[in-house]
>>> print(open('start-v1.cif').read())   # mmCIF, C-alpha atoms
data_run
#
loop_
_atom_site.group_PDB
_atom_site.id
_atom_site.type_symbol
_atom_site.label_atom_id
_atom_site.label_comp_id
_atom_site.auth_asym_id
_atom_site.auth_seq_id
_atom_site.Cartn_x
_atom_site.Cartn_y
_atom_site.Cartn_z
ATOM 1 C CA MET N 1 -45.922 18.398 -18.647
ATOM 2 C CA PRO N 2 -43.128 21.019 -18.752
ATOM 3 C CA THR N 3 -43.881 24.473 -17.362
ATOM 4 C CA THR N 4 -43.619 27.622 -19.499
ATOM 5 C CA GLU N 5 -40.460 28.493 -17.582
ATOM 6 C CA GLU N 6 -38.906 25.109 -18.419
ATOM 7 C CA LEU N 7 -39.796 25.505 -22.100
ATOM 8 C CA SER N 8 -38.167 28.933 -22.332
ATOM 9 C CA ALA N 9 -35.055 28.095 -20.304
ATOM 10 C CA PRO N 10 -31.890 27.960 -22.400
ATOM 11 C CA LYS N 11 -30.695 24.452 -23.148
ATOM 12 C CA VAL N 12 -27.437 23.684 -21.397
ATOM 13 C CA PRO N 13 -25.379 21.139 -23.297
ATOM 14 C CA ALA N 14 -24.606 17.923 -21.454
ATOM 15 C CA ALA N 15 -21.192 17.891 -19.857
ATOM 16 C CA ARG N 16 -18.639 16.704 -22.357
ATOM 17 C CA VAL N 17 -16.266 13.917 -21.474
ATOM 18 C CA THR N 18 -12.782 14.061 -22.974
ATOM 19 C CA TYR N 19 -10.052 11.440 -22.909
ATOM 20 C CA ARG N 20 -6.314 11.855 -22.466
ATOM 21 C CA ALA N 21 -3.200 10.516 -20.798
ATOM 22 C CA ALA N 22 -3.223 10.945 -17.030
ATOM 23 C CA LEU N 23 -1.434 13.853 -15.406
ATOM 24 C CA ALA N 24 -0.114 13.976 -11.851
ATOM 25 C CA ARG N 25 -3.021 16.223 -10.878
ATOM 26 C CA ASP N 26 -5.471 13.413 -11.794
ATOM 27 C CA ALA N 27 -4.179 11.117 -9.050
ATOM 28 C CA ALA N 28 -6.397 12.563 -6.301
ATOM 29 C CA ASP N 29 -9.485 12.081 -8.472
ATOM 30 C CA GLN N 30 -8.370 8.555 -9.384
ATOM 31 C CA THR N 31 -8.262 7.743 -5.684
ATOM 32 C CA GLU N 32 -11.877 8.794 -5.275
ATOM 33 C CA VAL N 33 -13.083 7.189 -8.507
ATOM 34 C CA PHE N 34 -11.540 3.874 -7.428
ATOM 35 C CA TYR N 35 -12.946 4.039 -3.911
ATOM 36 C CA HIS N 36 -16.486 4.976 -4.941
ATOM 37 C CA ALA N 37 -16.573 2.590 -7.908
ATOM 38 C CA VAL N 38 -15.754 -0.256 -5.530
ATOM 39 C CA MET N 39 -17.855 0.799 -2.540
ATOM 40 C CA GLN N 40 -20.938 2.030 -4.439
ATOM 41 C CA GLY N 41 -20.644 0.756 -7.993
ATOM 42 C CA ALA N 42 -19.932 -2.846 -7.010
ATOM 43 C CA ALA N 43 -22.590 -2.960 -4.281
ATOM 44 C CA SER N 44 -24.943 -5.194 -6.249
ATOM 45 C CA HIS N 45 -22.195 -7.725 -7.033
ATOM 46 C CA TYR N 46 -20.104 -7.988 -3.863
ATOM 47 C CA GLU N 47 -20.833 -8.016 -0.125
ATOM 48 C CA LEU N 48 -19.831 -5.007 1.998
ATOM 49 C CA SER N 49 -16.938 -6.900 3.626
ATOM 50 C CA GLN N 50 -15.615 -7.861 0.172
ATOM 51 C CA ARG N 51 -15.874 -4.270 -1.082
ATOM 52 C CA ARG N 52 -14.086 -2.927 1.982
ATOM 53 C CA ALA N 53 -11.243 -5.413 1.493
ATOM 54 C CA TRP N 54 -11.060 -4.531 -2.216
ATOM 55 C CA ALA N 55 -11.093 -0.781 -1.555
ATOM 56 C CA ASN N 56 -8.323 -1.172 1.025
ATOM 57 C CA ALA N 57 -6.111 -3.094 -1.424
ATOM 58 C CA LEU N 58 -4.879 0.207 -2.885
ATOM 59 C CA PRO N 59 -4.066 3.303 -0.814
ATOM 60 C CA ARG N 60 -6.539 6.166 -0.724
ATOM 61 C CA GLU N 61 -3.705 8.624 -1.264
ATOM 62 C CA ALA N 62 -3.023 10.644 -4.391
ATOM 63 C CA SER N 63 0.738 10.092 -4.140
ATOM 64 C CA ALA N 64 0.292 6.316 -4.445
ATOM 65 C CA TRP N 65 -1.812 6.687 -7.573
ATOM 66 C CA ALA N 66 0.632 9.208 -9.077
ATOM 67 C CA VAL N 67 3.435 6.635 -8.675
ATOM 68 C CA ARG N 68 1.329 4.152 -10.657
ATOM 69 C CA HIS N 69 1.538 6.530 -13.652
ATOM 70 C CA ALA N 70 5.187 5.486 -13.957
ATOM 71 C CA LEU N 71 4.238 1.801 -13.900
ATOM 72 C CA TYR N 72 1.316 1.855 -16.327
ATOM 73 C CA THR N 73 0.054 3.882 -19.243
ATOM 74 C CA THR N 74 -2.900 5.574 -17.597
ATOM 75 C CA LEU N 75 -5.778 6.963 -19.616
ATOM 76 C CA VAL N 76 -8.388 9.180 -18.002
ATOM 77 C CA ALA N 77 -11.884 10.346 -18.823
ATOM 78 C CA VAL N 78 -12.315 13.972 -17.787
ATOM 79 C CA CYS N 79 -15.517 15.944 -17.256
ATOM 80 C CA ASP N 80 -15.526 19.561 -16.094
ATOM 81 C CA GLY N 81 -11.795 19.324 -15.395
ATOM 82 C CA ARG N 82 -12.122 16.276 -13.117
ATOM 83 C CA CYS N 83 -11.121 12.675 -13.734
ATOM 84 C CA VAL N 84 -14.343 10.603 -13.746
ATOM 85 C CA GLY N 85 -12.883 7.349 -15.038
ATOM 86 C CA PHE N 86 -9.518 5.767 -15.728
ATOM 87 C CA LEU N 87 -7.781 2.759 -17.172
ATOM 88 C CA GLU N 88 -4.271 1.546 -16.366
ATOM 89 C CA LEU N 89 -2.624 -0.371 -19.190
ATOM 90 C CA ASP N 90 0.526 -2.490 -19.187
ATOM 91 C CA VAL N 91 1.354 -2.060 -22.874
ATOM 92 C CA LYS N 92 4.258 -4.516 -22.876
ATOM 93 C CA GLU N 93 2.083 -7.296 -21.415
ATOM 94 C CA GLY N 94 -1.081 -6.306 -23.296
ATOM 95 C CA ARG N 95 -2.975 -6.220 -20.011
ATOM 96 C CA ILE N 96 -5.438 -3.833 -18.429
ATOM 97 C CA GLU N 97 -4.538 -3.473 -14.775
ATOM 98 C CA THR N 98 -7.502 -1.352 -13.695
ATOM 99 C CA LEU N 99 -10.652 0.157 -15.197
ATOM 100 C CA TYR N 100 -12.916 2.271 -13.007
ATOM 101 C CA VAL N 101 -15.680 4.813 -13.674
ATOM 102 C CA TRP N 102 -17.473 7.064 -11.200
ATOM 103 C CA PRO N 103 -20.581 5.048 -10.177
ATOM 104 C CA SER N 104 -23.255 7.543 -11.264
ATOM 105 C CA LEU N 105 -21.663 7.716 -14.730
ATOM 106 C CA THR N 106 -21.548 3.996 -15.503
ATOM 107 C CA GLY N 107 -23.492 2.861 -18.544
ATOM 108 C CA ARG N 108 -22.694 6.037 -20.490
ATOM 109 C CA GLY N 109 -19.868 4.593 -22.566
ATOM 110 C CA ILE N 110 -16.970 6.012 -20.567
ATOM 111 C CA GLY N 111 -15.421 2.636 -19.770
ATOM 112 C CA THR N 112 -16.041 1.426 -23.323
ATOM 113 C CA THR N 113 -14.312 4.476 -24.761
ATOM 114 C CA LEU N 114 -11.327 3.986 -22.447
ATOM 115 C CA LEU N 115 -11.157 0.357 -23.645
ATOM 116 C CA ILE N 116 -11.279 1.438 -27.304
ATOM 117 C CA HIS N 117 -8.388 3.853 -26.735
ATOM 118 C CA ALA N 118 -6.387 1.124 -24.978
ATOM 119 C CA GLU N 119 -7.051 -1.341 -27.805
ATOM 120 C CA ARG N 120 -5.940 1.223 -30.372
ATOM 121 C CA MET N 121 -2.738 1.920 -28.426
ATOM 122 C CA LEU N 122 -1.922 -1.778 -28.300
ATOM 123 C CA LEU N 123 -2.568 -2.236 -32.023
ATOM 124 C CA GLU N 124 -0.242 0.693 -32.752
ATOM 125 C CA GLN N 125 2.441 -1.115 -30.717
ATOM 126 C CA GLY N 126 1.927 -4.346 -32.674
ATOM 127 C CA VAL N 127 0.097 -6.146 -29.850
ATOM 128 C CA ASP N 128 -2.679 -8.422 -31.123
ATOM 129 C CA ARG N 129 -4.466 -9.317 -27.879
ATOM 130 C CA ILE N 130 -5.565 -7.671 -24.663
ATOM 131 C CA GLU N 131 -6.346 -9.279 -21.329
ATOM 132 C CA ILE N 132 -7.954 -8.314 -18.035
ATOM 133 C CA GLU N 133 -9.042 -9.848 -14.760
ATOM 134 C CA ALA N 134 -12.644 -8.605 -14.773
ATOM 135 C CA SER N 135 -14.881 -8.076 -11.778
ATOM 136 C CA LEU N 136 -18.433 -9.394 -11.743
ATOM 137 C CA MET N 137 -19.718 -5.938 -12.651
ATOM 138 C CA LEU N 138 -17.518 -5.740 -15.764
ATOM 139 C CA TYR N 139 -17.783 -9.353 -16.904
ATOM 140 C CA ASP N 140 -21.071 -9.227 -18.889
ATOM 141 C CA ARG N 141 -20.170 -5.923 -20.550
ATOM 142 C CA LEU N 142 -16.898 -7.368 -21.809
ATOM 143 C CA LEU N 143 -18.595 -10.498 -23.123
ATOM 144 C CA ARG N 144 -20.932 -8.271 -25.177
ATOM 145 C CA ARG N 145 -17.869 -6.473 -26.592
ATOM 146 C CA GLY N 146 -16.285 -9.672 -27.919
ATOM 147 C CA TRP N 147 -14.088 -10.673 -25.000
ATOM 148 C CA GLU N 148 -13.560 -14.365 -24.296
ATOM 149 C CA ASN N 149 -13.872 -15.877 -20.806
ATOM 150 C CA LEU N 150 -10.676 -17.802 -20.012
ATOM 151 C CA GLY N 151 -11.894 -18.912 -16.596
ATOM 152 C CA GLU N 152 -13.129 -17.941 -13.204
ATOM 153 C CA GLN N 153 -10.647 -16.818 -10.571
ATOM 154 C CA TRP N 154 -10.796 -16.061 -6.884
ATOM 155 C CA VAL N 155 -8.479 -13.445 -5.430
ATOM 156 C CA GLU N 156 -7.925 -12.848 -1.732
ATOM 157 C CA ARG N 157 -7.979 -9.345 -0.296
ATOM 158 C CA SER N 158 -7.591 -8.894 3.486
ATOM 159 C CA GLY N 159 -9.062 -12.327 4.159
ATOM 160 C CA GLU N 160 -11.987 -11.895 1.750
ATOM 161 C CA SER N 161 -12.376 -13.953 -1.428
ATOM 162 C CA LEU N 162 -13.437 -11.983 -4.504
ATOM 163 C CA GLN N 163 -14.682 -13.629 -7.672
ATOM 164 C CA ARG N 164 -13.428 -12.380 -11.019
ATOM 165 C CA TYR N 165 -12.828 -13.665 -14.541
ATOM 166 C CA ARG N 166 -9.693 -13.817 -16.615
ATOM 167 C CA MET N 167 -10.672 -12.512 -20.053
ATOM 168 C CA GLU N 168 -8.975 -11.919 -23.368
ATOM 169 C CA LYS N 169 -9.800 -10.236 -26.646
ATOM 170 C CA ARG N 170 -8.008 -10.660 -29.946
ATOM 171 C CA LEU N 171 -7.326 -7.312 -31.586
ATOM 172 C CA SER N 172 -7.445 -6.549 -35.262
ATOM 173 C CA ALA N 173 -7.167 -3.310 -37.147
ATOM 174 C CA ILE N 174 -10.272 -2.237 -39.038
ATOM 175 C CA GLU N 175 -9.770 -0.496 -42.344
ATOM 176 C CA THR N 176 -11.768 2.723 -42.635
#
>>> encode(input="start-v1.cif", output="structure tokens")
Amino acid sequence: MPTTEELSAPKVPAARVTYRAALARDAADQTEVFYHAVMQGAASHYELSQRRAWANALPREASAWAVRHALYTTLVAVCDGRCVGFLELDVKEGRIETLYVWPSLTGRGIGTTLLIHAERMLLEQGVDRIEIEASLMLYDRLLRRGWENLGEQWVERSGESLQRYRMEKRLSAIET
């Protein structure tokens, strides 16, 4: 039962997440989101040695992630001025390169919203499908969102084999 103090305390609105194109200053946060999403968020799906190999596949340096902004259209989810999730999109190929969300914020729709923005961008460019190589932690969520499993894959990272799935979704504009 709440105390009198708790009942009279002013209600603080939940932190609001906003979405935008990545800026160079987001790169340091992206580094940490990636690392922690792999090391903590994927803990129930991959062994520690697999997660270490995966986390080491991309540098833990902001400059490396900033360079990726030139390679991919990068969308970020921002909360309290910090990047808490991001998606890298190869628009020309219709492919999501990466999608990561801070582990304690998974299940709150951040990744889904990033996907919706990516799908909309592709539709605006005349692309009618989107693809991804999905980790085990993303696989079921994508199936529920209408993605099709095109087959299991195994990728090698620093001598470790990681299971993932090649997935695709047909895109169509919805009239509102």
>>> closest_residue(input="start-v1.cif", among="N:Tyr72, N:Tyr19, N:Tyr139, N:Trp102", to="Gln40 in chain N", atoms="only C-alpha atoms")
N:Trp102
>>> resolve_selection(input="start-v1.cif", expression="the PyMOL selection byres ((chain N and resi 26) around 12)", output="JSON, numbers by chain")
{"N": [20, 21, 22, 23, 24, 25, 27, 28, 29, 30, 31, 32, 33, 61, 62, 63, 64, 65, 66, 67, 68, 69, 74, 75, 76, 77, 78, 79, 81, 82, 83, 84, 85, 86]}
>>> write_last_selection(input="start-v1.cif", atoms="C-alpha atoms", output="mmCIF file, in the frame of the given file")
data_model
loop_
_atom_site.group_PDB
_atom_site.id
_atom_site.type_symbol
_atom_site.label_atom_id
_atom_site.label_comp_id
_atom_site.auth_asym_id
_atom_site.auth_seq_id
_atom_site.Cartn_x
_atom_site.Cartn_y
_atom_site.Cartn_z
ATOM 1 C CA ARG N 20 -6.314 11.855 -22.466
ATOM 2 C CA ALA N 21 -3.200 10.516 -20.798
ATOM 3 C CA ALA N 22 -3.223 10.945 -17.030
ATOM 4 C CA LEU N 23 -1.434 13.853 -15.406
ATOM 5 C CA ALA N 24 -0.114 13.976 -11.851
ATOM 6 C CA ARG N 25 -3.021 16.223 -10.878
ATOM 7 C CA ALA N 27 -4.179 11.117 -9.050
ATOM 8 C CA ALA N 28 -6.397 12.563 -6.301
ATOM 9 C CA ASP N 29 -9.485 12.081 -8.472
ATOM 10 C CA GLN N 30 -8.370 8.555 -9.384
ATOM 11 C CA THR N 31 -8.262 7.743 -5.684
ATOM 12 C CA GLU N 32 -11.877 8.794 -5.275
ATOM 13 C CA VAL N 33 -13.083 7.189 -8.507
ATOM 14 C CA GLU N 61 -3.705 8.624 -1.264
ATOM 15 C CA ALA N 62 -3.023 10.644 -4.391
ATOM 16 C CA SER N 63 0.738 10.092 -4.140
ATOM 17 C CA ALA N 64 0.292 6.316 -4.445
ATOM 18 C CA TRP N 65 -1.812 6.687 -7.573
ATOM 19 C CA ALA N 66 0.632 9.208 -9.077
ATOM 20 C CA VAL N 67 3.435 6.635 -8.675
ATOM 21 C CA ARG N 68 1.329 4.152 -10.657
ATOM 22 C CA HIS N 69 1.538 6.530 -13.652
ATOM 23 C CA THR N 74 -2.900 5.574 -17.597
ATOM 24 C CA LEU N 75 -5.778 6.963 -19.616
ATOM 25 C CA VAL N 76 -8.388 9.180 -18.002
ATOM 26 C CA ALA N 77 -11.884 10.346 -18.823
ATOM 27 C CA VAL N 78 -12.315 13.972 -17.787
ATOM 28 C CA CYS N 79 -15.517 15.944 -17.256
ATOM 29 C CA GLY N 81 -11.795 19.324 -15.395
ATOM 30 C CA ARG N 82 -12.122 16.276 -13.117
ATOM 31 C CA CYS N 83 -11.121 12.675 -13.734
ATOM 32 C CA VAL N 84 -14.343 10.603 -13.746
ATOM 33 C CA GLY N 85 -12.883 7.349 -15.038
ATOM 34 C CA PHE N 86 -9.518 5.767 -15.728
#
>>> residues_around(input="start-v1.cif", residues="range 97-100 of chain N", least_positions_apart="4", cutoff="9 Å", atoms="all atoms listed in the file", output="PyMOL selection string")
chain N and resi 30+33-34+37-38+72+84-90+111+114-115+131-134
>>> closest_residue(input="start-v1.cif", among="N:Leu123, N:Leu71, N:Leu138, N:Leu105", to="His45 in chain N", atoms="all atoms listed in the file")
N:Leu138
>>> closest_residue(input="start-v1.cif", among="N:Glu124, N:Thr112, N:Met39, N:Gln50", to="Trp154 in chain N", atoms="only C-alpha atoms")
N:Gln50
>>> resolve_selection(input="start-v1.cif", expression="the PyMOL selection byres ((chain N and resi 159-171) around 8)", output="MDAnalysis selection string")
chainID N and resid 46 49:50 53 119 123 127:136 139 146:158 172:173
>>> write_last_selection(input="start-v1.cif", atoms="C-alpha atoms", output="PDB file, keeping the file's coordinate frame")
ATOM      1  CA  TYR N  46     -20.104  -7.988  -3.863  1.00  0.00           C
ATOM      2  CA  SER N  49     -16.938  -6.900   3.626  1.00  0.00           C
ATOM      3  CA  GLN N  50     -15.615  -7.861   0.172  1.00  0.00           C
ATOM      4  CA  ALA N  53     -11.243  -5.413   1.493  1.00  0.00           C
ATOM      5  CA  GLU N 119      -7.051  -1.341 -27.805  1.00  0.00           C
ATOM      6  CA  LEU N 123      -2.568  -2.236 -32.023  1.00  0.00           C
ATOM      7  CA  VAL N 127       0.097  -6.146 -29.850  1.00  0.00           C
ATOM      8  CA  ASP N 128      -2.679  -8.422 -31.123  1.00  0.00           C
ATOM      9  CA  ARG N 129      -4.466  -9.317 -27.879  1.00  0.00           C
ATOM     10  CA  ILE N 130      -5.565  -7.671 -24.663  1.00  0.00           C
ATOM     11  CA  GLU N 131      -6.346  -9.279 -21.329  1.00  0.00           C
ATOM     12  CA  ILE N 132      -7.954  -8.314 -18.035  1.00  0.00           C
ATOM     13  CA  GLU N 133      -9.042  -9.848 -14.760  1.00  0.00           C
ATOM     14  CA  ALA N 134     -12.644  -8.605 -14.773  1.00  0.00           C
ATOM     15  CA  SER N 135     -14.881  -8.076 -11.778  1.00  0.00           C
ATOM     16  CA  LEU N 136     -18.433  -9.394 -11.743  1.00  0.00           C
ATOM     17  CA  TYR N 139     -17.783  -9.353 -16.904  1.00  0.00           C
ATOM     18  CA  GLY N 146     -16.285  -9.672 -27.919  1.00  0.00           C
ATOM     19  CA  TRP N 147     -14.088 -10.673 -25.000  1.00  0.00           C
ATOM     20  CA  GLU N 148     -13.560 -14.365 -24.296  1.00  0.00           C
ATOM     21  CA  ASN N 149     -13.872 -15.877 -20.806  1.00  0.00           C
ATOM     22  CA  LEU N 150     -10.676 -17.802 -20.012  1.00  0.00           C
ATOM     23  CA  GLY N 151     -11.894 -18.912 -16.596  1.00  0.00           C
ATOM     24  CA  GLU N 152     -13.129 -17.941 -13.204  1.00  0.00           C
ATOM     25  CA  GLN N 153     -10.647 -16.818 -10.571  1.00  0.00           C
ATOM     26  CA  TRP N 154     -10.796 -16.061  -6.884  1.00  0.00           C
ATOM     27  CA  VAL N 155      -8.479 -13.445  -5.430  1.00  0.00           C
ATOM     28  CA  GLU N 156      -7.925 -12.848  -1.732  1.00  0.00           C
ATOM     29  CA  ARG N 157      -7.979  -9.345  -0.296  1.00  0.00           C
ATOM     30  CA  SER N 158      -7.591  -8.894   3.486  1.00  0.00           C
ATOM     31  CA  SER N 172      -7.445  -6.549 -35.262  1.00  0.00           C
ATOM     32  CA  ALA N 173      -7.167  -3.310 -37.147  1.00  0.00           C
TER      33      ALA N 173
END
>>> atom_distance(input="start-v1.cif", atom1="CA of Thr73 in chain N", atom2="CA of Leu143 in chain N")
23.9 Å
>>> closest_residue(input="start-v1.cif", among="N:Ala43, N:Ala70, N:Val91, N:Leu48", to="Gly126 in chain N", atoms="all atoms listed in the file")
N:Val91
>>> atom_distance(input="start-v1.cif", atom1="CA of Ser44 in chain N", atom2="CA of Met137 in chain N")
8.3 Å
>>> atom_distance(input="start-v1.cif", atom1="CA of Ala118 in chain N", atom2="CA of Val17 in chain N")
16.5 Å
